[in-house]
Amino acid sequence: MGIRQKIDECPDAKGKTLSLFADDPVFACYCYSVLVTDMNLPAAELWCLYRDRADCENRIKELKYNFGGERL
């Protein structure tokens, strides 16, 4: 599943810009991401599920490295 987010509508959009089309004004204003999964859910639901999951993993990593959680 491919995800395209317009940068000026969502300035904190995750993903990458396409360097291959950096000079093209249409492609340069979007961030792109790709999800590969075997889950059989609608695209919008998958995107929300993985977005929330990635944020949760960031919090775990912060706890582990910033607060000595790796010693547990």
# chains A, B, ... in the order shown; residues from 1 in each chain; ligands from 1
>>> residues_around(residues="stretch 43-54 of chain A", least_positions_apart="6", cutoff="12 Å", atoms="only C-alpha atoms", output="ChimeraX atom specification")
/A:1-5,13-15,33-37,60-61
>>> residues_around(residues="A:Asp8", least_positions_apart="5", cutoff="12 Å", atoms="only C-alpha atoms", output="PDB file with C-alpha atoms, in the first residue's frame")
ATOM      1  CA  ALA A  13       4.077  14.144   7.606  1.00  0.00           C
ATOM      2  CA  ALA A  28       7.940  17.604  -4.710  1.00  0.00           C
ATOM      3  CA  CYS A  29       5.001  18.752  -2.566  1.00  0.00           C
ATOM      4  CA  TYR A  30       4.260  15.239  -1.231  1.00  0.00           C
ATOM      5  CA  CYS A  31       5.828  12.789   1.230  1.00  0.00           C
TER       6      CYS A  31
END
>>> select_by_dssp(residues="chain A", states="strand (DSSP E)", output="PDB file with C-alpha atoms, in the first residue's frame")
ATOM      1  CA  GLY A   2       1.368   3.408  -0.922  1.00  0.00           C
ATOM      2  CA  ILE A   3       0.683   6.555   1.095  1.00  0.00           C
ATOM      3  CA  ARG A   4       1.018  10.084  -0.205  1.00  0.00           C
ATOM      4  CA  GLN A   5       0.677  13.096   2.120  1.00  0.00           C
ATOM      5  CA  LYS A   6       0.706  16.702   0.986  1.00  0.00           C
ATOM      6  CA  TYR A  30       4.260  15.239  -1.231  1.00  0.00           C
ATOM      7  CA  CYS A  31       5.828  12.789   1.230  1.00  0.00           C
ATOM      8  CA  TYR A  32       5.566   9.131   0.267  1.00  0.00           C
ATOM      9  CA  SER A  33       5.514   5.967   2.398  1.00  0.00           C
ATOM     10  CA  VAL A  34       4.914   2.306   1.642  1.00  0.00           C
TER      11      VAL A  34
END
>>> select_by_dssp(residues="chain A", states="alpha helix (DSSP H)", output="ChimeraX atom specification")
/A:25-28,43-66
>>> write_last_selection(atoms="N, CA and C atoms", output="CSV table (one decimal), in the first residue's frame")
chain,number,residue,atom,x,y,z
A,25,PRO,N,7.2,20.1,-9.7
A,25,PRO,CA,6.4,20.7,-8.6
A,25,PRO,C,5.2,19.8,-8.1
A,26,VAL,N,4.8,18.9,-8.9
A,26,VAL,CA,3.7,18.0,-8.5
A,26,VAL,C,4.2,17.0,-7.5
A,27,PHE,N,5.3,16.3,-7.8
A,27,PHE,CA,5.8,15.3,-6.9
A,27,PHE,C,6.5,15.9,-5.7
A,28,ALA,N,7.1,17.0,-5.8
A,28,ALA,CA,7.9,17.6,-4.7
A,28,ALA,C,7.1,18.1,-3.5
A,43,ALA,N,-7.5,0.2,3.4
A,43,ALA,CA,-6.2,1.0,3.4
A,43,ALA,C,-6.1,2.0,4.5
A,44,ALA,N,-7.2,2.8,4.7
A,44,ALA,CA,-7.2,3.8,5.7
A,44,ALA,C,-7.0,3.2,7.1
A,45,GLU,N,-7.7,2.1,7.4
A,45,GLU,CA,-7.5,1.4,8.7
A,45,GLU,C,-6.1,0.9,8.9
A,46,LEU,N,-5.5,0.4,7.9
A,46,LEU,CA,-4.1,-0.1,8.0
A,46,LEU,C,-3.2,1.0,8.3
A,47,TRP,N,-3.4,2.1,7.6
A,47,TRP,CA,-2.5,3.3,7.8
A,47,TRP,C,-2.6,3.8,9.2
A,48,CYS,N,-3.8,3.9,9.7
A,48,CYS,CA,-4.0,4.4,11.1
A,48,CYS,C,-3.4,3.4,12.1
A,49,LEU,N,-3.6,2.1,11.9
A,49,LEU,CA,-3.0,1.1,12.8
A,49,LEU,C,-1.5,1.1,12.8
A,50,TYR,N,-0.9,1.2,11.7
A,50,TYR,CA,0.6,1.2,11.6
A,50,TYR,C,1.2,2.6,12.1
A,51,ARG,N,0.5,3.7,11.9
A,51,ARG,CA,0.9,5.0,12.3
A,51,ARG,C,0.9,5.0,13.9
A,52,ASP,N,-0.1,4.5,14.5
A,52,ASP,CA,-0.2,4.5,15.9
A,52,ASP,C,0.8,3.5,16.5
A,53,ARG,N,1.0,2.4,15.9
A,53,ARG,CA,2.0,1.4,16.3
A,53,ARG,C,3.4,2.0,16.3
A,54,ALA,N,3.8,2.7,15.2
A,54,ALA,CA,5.1,3.2,15.1
A,54,ALA,C,5.3,4.3,16.2
A,55,ASP,N,4.3,5.1,16.5
A,55,ASP,CA,4.5,6.1,17.6
A,55,ASP,C,4.7,5.4,18.9
A,56,CYS,N,4.0,4.3,19.2
A,56,CYS,CA,4.2,3.5,20.4
A,56,CYS,C,5.6,3.0,20.5
A,57,GLU,N,6.1,2.5,19.4
A,57,GLU,CA,7.5,1.9,19.4
A,57,GLU,C,8.5,3.0,19.7
A,58,ASN,N,8.2,4.3,19.2
A,58,ASN,CA,9.1,5.4,19.5
A,58,ASN,C,9.2,5.7,21.0
A,59,ARG,N,8.0,5.6,21.7
A,59,ARG,CA,7.9,5.8,23.1
A,59,ARG,C,8.7,4.8,23.9
A,60,ILE,N,8.6,3.5,23.5
A,60,ILE,CA,9.3,2.4,24.1
A,60,ILE,C,10.8,2.7,24.0
A,61,LYS,N,11.3,3.1,22.8
A,61,LYS,CA,12.7,3.3,22.5
A,61,LYS,C,13.2,4.5,23.4
A,62,GLU,N,12.4,5.5,23.6
A,62,GLU,CA,12.7,6.7,24.4
A,62,GLU,C,12.9,6.2,25.9
A,63,LEU,N,12.0,5.4,26.4
A,63,LEU,CA,12.1,4.9,27.7
A,63,LEU,C,13.3,4.0,27.9
A,64,LYS,N,13.6,3.2,26.9
A,64,LYS,CA,14.7,2.3,27.0
A,64,LYS,C,16.1,3.1,27.0
A,65,TYR,N,16.2,4.0,26.2
A,65,TYR,CA,17.5,4.7,26.1
A,65,TYR,C,17.7,5.9,27.0
A,66,ASN,N,16.6,6.6,27.3
A,66,ASN,CA,16.7,7.8,28.0
A,66,ASN,C,16.5,7.6,29.5
